[in-house]
Every structure is written in structure tokens, then in C-alpha cells.
>>> print(open('structure_33.csv').read())   # CSV, C-alpha atoms and all ligand atoms
chain,number,residue,atom,x,y,z
A,1,MET,CA,2.4,-0.6,24.0
A,2,GLU,CA,-0.3,0.6,21.8
A,3,LEU,CA,-1.5,-1.3,18.8
A,4,LEU,CA,-1.7,0.6,15.5
A,5,ASP,CA,-5.1,-0.8,14.6
A,6,GLY,CA,-5.2,-0.7,10.8
A,7,LYS,CA,-8.5,-2.7,10.7
A,8,LYS,CA,-10.3,-0.1,12.9
A,9,ILE,CA,-8.8,2.9,11.1
A,10,SER,CA,-9.4,1.5,7.7
A,11,ASN,CA,-13.1,1.0,8.6
A,12,GLN,CA,-13.3,4.6,9.8
A,13,ILE,CA,-11.8,5.8,6.5
A,14,LYS,CA,-14.2,3.6,4.5
A,15,ASP,CA,-17.1,5.0,6.5
A,16,GLU,CA,-15.9,8.5,5.7
A,17,ILE,CA,-15.6,7.6,2.0
A,18,ALA,CA,-19.1,6.0,2.0
A,19,GLU,CA,-20.6,9.2,3.4
A,20,ILE,CA,-19.0,11.2,0.6
A,21,VAL,CA,-20.3,8.7,-2.0
A,22,GLN,CA,-23.8,9.1,-0.5
A,23,LYS,CA,-23.5,12.9,-1.1
A,24,ILE,CA,-22.3,12.4,-4.6
A,25,LYS,CA,-25.3,10.1,-5.3
A,26,ALA,CA,-27.7,12.6,-3.7
A,27,ARG,CA,-26.5,15.2,-6.1
A,28,GLY,CA,-27.3,12.8,-8.9
A,29,GLU,CA,-23.7,12.5,-10.0
A,30,LYS,CA,-21.8,9.5,-11.1
A,31,VAL,CA,-20.1,7.6,-8.3
A,32,PRO,CA,-16.3,6.8,-8.4
A,33,HIS,CA,-15.3,3.8,-10.6
A,34,LEU,CA,-12.2,1.8,-10.0
A,35,ALA,CA,-11.0,-1.0,-12.3
A,36,ALA,CA,-8.4,-3.6,-11.5
A,37,VAL,CA,-6.5,-5.8,-14.0
A,38,ILE,CA,-5.1,-9.1,-13.0
A,39,VAL,CA,-3.0,-11.3,-15.2
A,40,GLY,CA,-2.8,-15.0,-14.3
A,41,ASN,CA,-3.9,-17.1,-11.3
A,42,ASP,CA,-1.6,-16.3,-8.5
A,43,GLY,CA,-3.6,-17.1,-5.3
A,44,ALA,CA,-2.4,-14.2,-3.2
A,45,SER,CA,-2.9,-11.7,-6.0
A,46,LEU,CA,-6.4,-12.9,-6.6
A,47,THR,CA,-7.2,-12.5,-2.9
A,48,TYR,CA,-5.8,-9.0,-2.8
A,49,VAL,CA,-7.7,-7.9,-6.0
A,50,GLY,CA,-10.8,-9.6,-4.6
A,51,SER,CA,-10.5,-7.5,-1.4
A,52,LYS,CA,-10.1,-4.3,-3.5
A,53,VAL,CA,-13.3,-5.0,-5.4
A,54,LYS,CA,-15.2,-5.9,-2.2
A,55,ALA,CA,-14.1,-2.7,-0.6
A,56,CYS,CA,-15.5,-0.8,-3.6
A,57,GLU,CA,-18.9,-2.3,-3.0
A,58,ARG,CA,-18.7,-1.5,0.7
A,59,VAL,CA,-18.3,2.2,0.1
A,60,GLY,CA,-20.6,2.5,-2.9
A,61,PHE,CA,-18.0,2.7,-5.7
A,62,GLU,CA,-18.5,1.1,-9.0
A,63,SER,CA,-15.8,-1.5,-9.8
A,64,THR,CA,-14.6,-3.5,-12.8
A,65,LEU,CA,-12.4,-6.6,-12.5
A,66,VAL,CA,-10.5,-7.5,-15.7
A,67,LYS,CA,-9.1,-11.0,-15.4
A,68,LEU,CA,-6.6,-12.0,-18.1
A,69,PRO,CA,-5.0,-15.4,-18.6
A,70,SER,CA,-1.4,-16.0,-17.5
A,71,THR,CA,-0.5,-16.5,-21.2
A,72,THR,CA,-1.5,-12.8,-22.1
A,73,SER,CA,1.1,-11.1,-24.2
A,74,GLU,CA,2.4,-7.6,-23.4
A,75,LEU,CA,0.7,-6.2,-26.4
A,76,GLU,CA,-2.7,-7.6,-25.4
A,77,LEU,CA,-2.3,-6.1,-21.9
A,78,MET,CA,-1.2,-2.8,-23.5
A,79,ARG,CA,-4.4,-2.8,-25.6
A,80,LYS,CA,-6.5,-3.3,-22.4
A,81,ILE,CA,-4.7,-0.5,-20.7
A,82,ASP,CA,-5.3,1.8,-23.7
A,83,GLU,CA,-9.0,0.9,-23.4
A,84,LEU,CA,-9.1,1.8,-19.7
A,85,ASN,CA,-7.2,5.0,-20.3
A,86,LYS,CA,-9.8,6.1,-22.9
A,87,ASN,CA,-12.9,4.8,-21.0
A,88,LYS,CA,-14.5,8.0,-19.6
A,89,ASP,CA,-16.5,6.0,-17.2
A,90,ILE,CA,-13.5,4.7,-15.3
A,91,ASP,CA,-11.8,7.2,-12.9
A,92,GLY,CA,-8.8,5.1,-11.9
A,93,PHE,CA,-7.3,1.6,-12.4
A,94,ILE,CA,-4.6,-0.6,-11.2
A,95,VAL,CA,-2.6,-3.4,-12.8
A,96,GLN,CA,-1.9,-5.9,-10.0
A,97,LEU,CA,1.7,-6.9,-9.6
A,98,PRO,CA,3.7,-9.1,-10.1
A,99,LEU,CA,3.1,-9.7,-13.8
A,100,PRO,CA,4.0,-12.9,-15.7
A,101,GLU,CA,7.6,-13.0,-16.9
A,102,GLN,CA,6.7,-12.4,-20.6
A,103,ILE,CA,5.4,-8.9,-19.7
A,104,ASN,CA,7.7,-6.0,-18.9
A,105,GLU,CA,6.4,-4.3,-15.8
A,106,GLN,CA,8.1,-1.0,-16.4
A,107,ARG,CA,6.6,-0.6,-19.9
A,108,VAL,CA,3.2,-1.5,-18.5
A,109,LEU,CA,3.3,1.0,-15.7
A,110,MET,CA,4.5,3.7,-18.1
A,111,ALA,CA,1.4,3.0,-20.3
A,112,ILE,CA,-1.1,3.9,-17.6
A,113,ASP,CA,-2.5,7.5,-17.9
A,114,PRO,CA,-0.9,9.3,-14.9
A,115,ASN,CA,-4.3,10.8,-14.1
A,116,LYS,CA,-5.8,7.4,-13.7
A,117,ASP,CA,-2.8,5.8,-11.9
A,118,VAL,CA,-4.3,5.4,-8.5
A,119,ASP,CA,-1.4,3.1,-7.4
A,120,GLY,CA,1.0,6.1,-8.0
A,121,PHE,CA,3.5,3.8,-9.7
A,122,HIS,CA,3.9,5.9,-13.0
A,123,PRO,CA,7.2,7.7,-13.1
A,124,THR,CA,5.3,11.0,-13.4
A,125,ASN,CA,3.5,10.4,-10.2
A,126,PHE,CA,6.5,8.9,-8.4
A,127,GLY,CA,8.5,12.0,-9.5
A,128,LYS,CA,5.8,14.4,-8.3
A,129,MET,CA,5.8,12.6,-4.9
A,130,ALA,CA,9.5,13.0,-4.6
A,131,LEU,CA,9.2,16.8,-5.5
A,132,ASP,CA,6.4,17.4,-2.9
A,133,MET,CA,3.9,18.0,-5.7
A,134,SER,CA,0.2,17.0,-5.3
A,135,THR,CA,-0.2,13.4,-6.7
A,136,PHE,CA,-1.3,9.9,-6.1
A,137,ILE,CA,0.8,8.5,-3.3
A,138,PRO,CA,1.2,4.7,-3.5
A,139,ALA,CA,-1.5,3.1,-1.3
A,140,THR,CA,0.7,1.2,1.2
A,141,PRO,CA,3.0,4.1,2.1
A,142,PHE,CA,-0.1,6.4,2.1
A,143,GLY,CA,-1.8,4.0,4.5
A,144,ILE,CA,1.3,4.0,6.8
A,145,LEU,CA,1.3,7.8,6.8
A,146,GLU,CA,-2.4,7.9,7.7
A,147,LEU,CA,-1.9,5.4,10.6
A,148,LEU,CA,1.0,7.5,12.0
A,149,GLU,CA,-1.2,10.6,11.7
A,150,ARG,CA,-4.3,9.2,13.2
A,151,TYR,CA,-2.4,7.8,16.2
A,152,ASN,CA,-0.4,11.1,16.5
A,153,VAL,CA,2.9,9.3,16.4
A,154,GLU,CA,5.7,11.9,16.5
A,155,THR,CA,8.0,11.6,13.4
A,156,LYS,CA,9.7,15.0,13.5
A,157,GLY,CA,13.4,14.7,14.2
A,158,LYS,CA,13.1,10.9,14.7
A,159,HIS,CA,15.4,8.4,13.1
A,160,THR,CA,13.3,6.2,10.7
A,161,VAL,CA,14.8,3.0,9.4
A,162,VAL,CA,13.1,1.5,6.4
A,163,ILE,CA,14.0,-2.1,5.6
A,164,GLY,CA,13.6,-3.1,2.0
A,165,ARG,CA,13.8,-0.8,-1.1
A,166,SER,CA,10.9,-2.0,-3.3
A,167,HIS,CA,9.3,0.4,-5.6
A,168,ILE,CA,5.9,-0.3,-4.0
A,169,VAL,CA,6.8,0.3,-0.3
A,170,GLY,CA,10.4,0.8,0.8
A,171,ARG,CA,11.6,3.4,-1.7
A,172,PRO,CA,8.5,5.7,-1.6
A,173,MET,CA,8.3,5.3,2.2
A,174,SER,CA,11.9,6.5,2.6
A,175,ILE,CA,11.1,9.6,0.5
A,176,LEU,CA,7.8,10.3,2.3
A,177,MET,CA,9.2,10.0,5.9
A,178,GLY,CA,11.9,12.6,5.0
A,179,ARG,CA,9.5,15.2,3.5
A,180,LYS,CA,8.5,18.4,5.2
A,181,GLY,CA,5.4,18.3,7.4
A,182,PHE,CA,3.6,15.7,9.4
A,183,PRO,CA,4.1,12.7,9.2
A,184,GLY,CA,7.6,13.4,7.9
A,185,ASN,CA,10.6,15.5,9.0
A,186,SER,CA,12.3,12.2,9.9
A,187,THR,CA,16.0,11.4,9.4
A,188,VAL,CA,15.7,8.3,7.2
A,189,THR,CA,18.0,5.4,6.6
A,190,LEU,CA,17.0,3.0,3.8
A,191,THR,CA,18.4,-0.5,4.3
A,192,HIS,CA,18.5,-3.4,1.9
A,193,SER,CA,20.1,-6.8,1.2
A,194,HIS,CA,23.6,-5.2,0.9
A,195,THR,CA,23.4,-3.3,4.2
A,196,LYS,CA,26.1,-4.3,6.6
A,197,ASN,CA,25.6,-4.7,10.3
A,198,ILE,CA,21.8,-4.0,10.2
A,199,THR,CA,21.3,-4.5,13.9
A,200,GLN,CA,23.6,-1.6,14.6
A,201,ILE,CA,21.3,0.5,12.5
A,202,THR,CA,17.9,-0.9,13.6
A,203,SER,CA,18.9,-0.6,17.3
A,204,GLN,CA,19.3,3.2,16.8
A,205,ALA,CA,15.9,3.6,15.2
A,206,ASP,CA,13.0,5.4,16.7
A,207,ILE,CA,10.7,4.2,13.9
A,208,ILE,CA,11.2,0.9,11.9
A,209,ILE,CA,9.2,0.1,8.8
A,210,THR,CA,9.9,-3.4,7.5
A,211,ALA,CA,8.8,-4.4,4.0
A,212,LEU,CA,10.9,-7.5,3.3
A,213,GLY,CA,8.6,-10.6,3.2
A,214,HIS,CA,10.9,-12.6,5.6
A,215,PRO,CA,8.7,-14.0,8.4
A,216,ASN,CA,9.9,-13.1,11.9
A,217,TYR,CA,13.0,-11.2,10.6
A,218,LEU,CA,13.0,-8.3,13.1
A,219,LYS,CA,13.8,-9.7,16.6
A,220,ALA,CA,13.6,-8.0,20.0
A,221,GLU,CA,17.4,-7.8,20.2
A,222,MET,CA,17.5,-5.6,17.1
A,223,VAL,CA,15.3,-2.8,18.5
A,224,LYS,CA,15.5,-0.3,21.3
A,225,ASP,CA,12.9,0.4,24.0
A,226,ASP,CA,9.9,2.4,22.9
A,227,VAL,CA,10.5,1.9,19.2
A,228,VAL,CA,7.6,2.4,16.8
A,229,VAL,CA,7.3,-0.7,14.5
A,230,ILE,CA,5.4,-0.8,11.2
A,231,ASP,CA,5.2,-4.3,9.7
A,232,VAL,CA,4.4,-4.5,6.0
A,233,GLY,CA,5.3,-8.2,5.6
A,234,ILE,CA,2.5,-10.5,4.6
A,235,THR,CA,4.0,-13.9,3.9
A,236,ARG,CA,1.8,-17.0,3.6
A,237,VAL,CA,3.3,-19.8,5.8
A,238,PRO,CA,1.8,-23.3,5.8
A,239,ASP,CA,-0.4,-24.0,8.8
A,240,GLU,CA,-2.2,-27.3,9.1
A,241,ASN,CA,-4.5,-25.9,11.8
A,242,SER,CA,-5.9,-23.2,9.6
A,243,PRO,CA,-8.9,-24.0,7.3
A,244,LYS,CA,-7.0,-22.3,4.4
A,245,GLY,CA,-3.9,-24.4,5.0
A,246,TYR,CA,-1.8,-21.3,5.6
A,247,ARG,CA,-1.6,-18.2,7.9
A,248,ILE,CA,-0.3,-14.7,7.2
A,249,THR,CA,3.0,-13.8,9.0
A,250,GLY,CA,4.7,-10.4,9.1
A,251,ASP,CA,8.4,-9.5,9.1
A,252,VAL,CA,8.4,-8.9,12.9
A,253,ASP,CA,8.7,-11.3,15.8
A,254,PHE,CA,5.6,-9.7,17.2
A,255,ASP,CA,5.4,-11.5,20.6
A,256,ASN,CA,8.8,-10.3,21.6
A,257,VAL,CA,9.2,-7.0,19.8
A,258,SER,CA,5.8,-5.8,21.0
A,259,LYS,CA,7.1,-6.0,24.6
A,260,LYS,CA,9.7,-3.3,23.8
A,261,ALA,CA,7.6,-1.2,21.4
A,262,SER,CA,5.6,2.0,22.1
A,263,PHE,CA,3.5,1.5,19.0
A,264,ILE,CA,3.3,-1.6,16.7
A,265,THR,CA,1.1,-2.8,13.8
A,266,PRO,CA,-0.3,-6.3,14.0
A,267,VAL,CA,-0.3,-8.7,11.0
A,268,PRO,CA,-2.9,-9.3,9.8
A,269,GLY,CA,-5.0,-6.2,10.7
A,270,GLY,CA,-2.3,-3.5,10.5
A,271,VAL,CA,-1.0,-2.1,7.2
A,272,GLY,CA,-2.9,-4.5,4.9
A,273,PRO,CA,-6.4,-3.1,5.4
A,274,MET,CA,-5.0,0.5,5.2
A,275,THR,CA,-3.6,-0.2,1.7
A,276,ILE,CA,-7.1,-0.9,0.5
A,277,ALA,CA,-8.6,2.1,2.2
A,278,MET,CA,-6.1,4.4,0.7
A,279,LEU,CA,-6.6,3.0,-2.8
A,280,LEU,CA,-10.2,4.0,-2.4
A,281,LYS,CA,-9.1,7.4,-1.3
A,282,ASN,CA,-6.9,7.8,-4.4
A,283,THR,CA,-9.9,6.7,-6.6
A,284,LEU,CA,-12.0,9.5,-5.0
A,285,LEU,CA,-9.2,11.9,-5.8
A,286,ALA,CA,-9.0,10.7,-9.3
A,287,ARG,CA,-12.7,11.3,-9.8
A,288,GLU,CA,-12.3,14.9,-8.6
A,289,ARG,CA,-9.4,15.4,-11.0
A,290,HIS,CA,-11.5,14.2,-14.0
A,291,ARG,CA,-14.4,16.5,-13.1
A,292,VAL,CA,-12.3,19.7,-13.4
B,301,LIG,N1,1.2,-6.0,-5.6
B,301,LIG,C1,1.5,-5.9,-4.2
B,301,LIG,N2,1.1,-4.7,-3.8
B,301,LIG,C2,0.5,-4.1,-4.8
B,301,LIG,C3,-0.1,-2.8,-4.9
B,301,LIG,O1,-0.2,-2.0,-4.0
B,301,LIG,N3,-0.6,-2.5,-6.2
B,301,LIG,C4,-0.5,-3.3,-7.2
B,301,LIG,N4,-1.0,-3.0,-8.4
B,301,LIG,N5,0.1,-4.5,-7.1
B,301,LIG,C5,0.6,-4.9,-5.9
>>> encode(input="structure_33.csv", output="C-alpha cells", more="lines below")
Ligand code: GUN
Amino acid sequence: MELLDGKKISNQIKDEIAEIVQKIKARGEKVPHLAAVIVGNDGASLTYVGSKVKACERVGFESTLVKLPSTTSELELMRKIDELNKNKDIDGFIVQLPLPEQINEQRVLMAIDPNKDVDGFHPTNFGKMALDMSTFIPATPFGILELLERYNVETKGKHTVVIGRSHIVGRPMSILMGRKGFPGNSTVTLTHSHTKNITQITSQADIIITALGHPNYLKAEMVKDDVVVIDVGITRVPDENSPKGYRITGDVDFDNVSKKASFITPVPGGVGPMTIAMLLKNTLLARERHRV
């Protein structure tokens, strides 16, 4: 079994990006600038956004964190998005999800300038992705592709089973794994809450990508030998022994599934850090787009 070490690979990617930033600076040009908008005080979301800002500092990007109260109206958020769309200093920005219930997520995502949409959630970018056109690929799926590529995991002709059909992970992942090229050329099954007899499907999978948010959902009995397992789950479960009072748990029963797997991502330290690295990569791409 080989660990798909997202922490290590994400650090390599960040080093590569930092080197590019140094060259940009040496030429006297403006460094990439990422902004993140967060509405409300959700602990997990604040942590994720904090990590994104910290990663910007690490590679030499400029960053702006826009914190709005949980009572923010849709109109107020739209005004902020309009400002960020127009601000020539900002190359790309994200609106952290989920949003409070008074705000319509789809309308918000539609309001972001597709050329600044480094999350790749705007319908224009999602459509381009599905049509194999150059675009921003959502950071988590992009990070999974990068992990598979850097570990040279064969995907061609393999049966990839994606568990969960979220717009952020499962749905785009199912499209990307079936695309031409590497990593891709897989035969993809997208499973979700209405899928019947899921074990029959997962036990035929060469590659399993779980993005459910159910701790320890995928058990050893559900997979075949030498399976490749990508665990996107990051659920906080109470843990008295941890200083924070919780620990992060994936969708996979790691101790038992890892005994059968050929490659597997740990949680934490697998997909999570890759997401942040690829957001930085998308911001670099956004800067290049704005320069031409
Ligand atoms: N919430 C969970 N994952 C993500 C992500 O990748 N981007 C944004 N904007 N919100 C999220």
C-alpha cells in the first residue's frame, strides 16, 4: 500500500508556485492577489478560509479576507461581489460555502466574473470543464487529479466509482475522470443517496472517490484488493483527548481499507491540503488571464 501524501505534494506545489512568484517580483510585476469572502461564523468555514489566506502568505501572494456578518442580505453580498469583480487589483476570489439560508447560493455564484472564479463554480466554467475547454477546474477535483498524476496512478480503462454528487466534488469529479487524457479515460459510475446495492458497485471499482461526509462509511468488505481510494470526507467528530475537542475523520475506515488498497489518501493530510494548493494554482492562472 502506498500513501497518496497530499501534504507532501501540496508543499511541493506551493514551493513551485513560490518560485514563480519570486520571478514575477524580480521582473517588478504585481504578484497574484486572491480574495476570499466569508459570511457568518461557521467554525469549519473560518478554519478553511484561514488556511487559504495563510497559504497565500506562504507563496508570496497578496490576499484579502472579507468577513461579513451572518445577517448579511443577498443584496449586500452581491454589492461586495460587484466590487471584487471590478477591482483590477484582485485576480481571483472565492465566496466560501455554505452561505446563510437568506442568501441564494446559485444567484451568488452566477454573479462572480467567470474570469475571476478561481473556484470554478460559475456555470460558464463548469460548462467549459464538461466540454474539455480550458477553464478553472474546482480546486478539490483538481487536487485529486494532480495527486493521481504525481503518483502515476493508472486511470485509463479503470472503473472509477464516485460516491456523492455534490457540485463541489462528486459531480465535477465524475466528469473529469471520464475525460480524454491522463488522469481520465476511466469508466465512471456516480453513486448517491438513491443508489441501490452500493456494495455491489464499490466492490467492482478500481478507483473509489468518496465525498460524502459520513465518517467510516467505506468499509473493507465494500472494496476489492488493490483498490485506489481517495477520501474527500472531512467531518469533525467530538474527541475529548484532542486539545480542540474534536478530530477530523474521513469517509473511509482507513485502518481496514488500507490493508486492501494499492493507494489511499489519509485524512487529514490527503485531499485537504491539495485543495488549497490548487486554489493557489488557479489564482496564478487567473493572473495570467488578466494580463493578456
Ligand atoms: N466549501 C467547501 N469547499 C469549498 C470550496 O472548495 N470552495 C468554497 N468557496 N467553499 C467551499
>>> residues_near_ligand(input="structure_33.csv", ligand="ligand LIG 301 (chain B)", cutoff="10 Å", atoms="all atoms listed in the file", output="PyMOL selection string")
chain A and resi 36-38+44-45+48-49+93-99+109+117-121+138-141+167-169+234+272+275-276+278-279
>>> residues_around(input="structure_33.csv", residues="A:Glu288", least_positions_apart="4", cutoff="10 Å", atoms="all atoms listed in the file", output="number ranges by chain")
A: 32, 91, 282-284, 292
>>> atom_distance(input="structure_33.csv", atom1="atom CA of A:Gly143", atom2="atom CA of A:Asp251")
17.5 Å
>>> residues_around(input="structure_33.csv", residues="A:Thr249", least_positions_apart="5", cutoff="10 Å", atoms="only C-alpha atoms", output="list of chain:residue names")
A:Gly213, A:His214, A:Pro215, A:Asn216, A:Asp231, A:Val232, A:Gly233, A:Ile234, A:Thr235, A:Arg236, A:Val237, A:Phe254, A:Pro266, A:Val267, A:Pro268
>>> residues_around(input="structure_33.csv", residues="A:Ser203", least_positions_apart="6", cutoff="12 Å", atoms="all atoms listed in the file", output="short mmCIF file (atom, residue, chain, number, x, y, z; two decimals) with C-alpha atoms, in the coordinates of the input")
data_model
loop_
_atom_site.label_atom_id
_atom_site.label_comp_id
_atom_site.auth_asym_id
_atom_site.auth_seq_id
_atom_site.Cartn_x
_atom_site.Cartn_y
_atom_site.Cartn_z
CA HIS A 159 15.40 8.40 13.10
CA THR A 160 13.30 6.20 10.70
CA VAL A 161 14.80 3.00 9.40
CA ASN A 197 25.60 -4.70 10.30
CA LEU A 218 13.00 -8.30 13.10
CA LYS A 219 13.80 -9.70 16.60
CA ALA A 220 13.60 -8.00 20.00
CA GLU A 221 17.40 -7.80 20.20
CA MET A 222 17.50 -5.60 17.10
CA VAL A 223 15.30 -2.80 18.50
CA LYS A 224 15.50 -0.30 21.30
CA ASP A 225 12.90 0.40 24.00
CA ASP A 226 9.90 2.40 22.90
CA VAL A 227 10.50 1.90 19.20
CA VAL A 228 7.60 2.40 16.80
CA VAL A 229 7.30 -0.70 14.50
CA VAL A 257 9.20 -7.00 19.80
CA LYS A 260 9.70 -3.30 23.80
#
>>> residues_around(input="structure_33.csv", residues="stretch 23-25 of chain A", least_positions_apart="2", cutoff="12 Å", atoms="all atoms listed in the file", output="list of chain:residue names")
A:Glu16, A:Ile17, A:Ala18, A:Glu19, A:Ile20, A:Val21, A:Arg27, A:Gly28, A:Glu29, A:Lys30, A:Val31, A:Pro32, A:Val59, A:Gly60, A:Phe61, A:Glu62, A:Leu284, A:Arg287, A:Glu288
>>> residues_around(input="structure_33.csv", residues="A:Gly270", least_positions_apart="3", cutoff="7 Å", atoms="all atoms listed in the file", output="list in words")
Leu4, Asp5, Gly6, Lys7, Thr265, Pro266, Val267 and Pro273 of chain A
>>> atom_distance(input="structure_33.csv", atom1="atom CA of A:Thr189", atom2="atom CA of A:Ser174")
7.4 Å
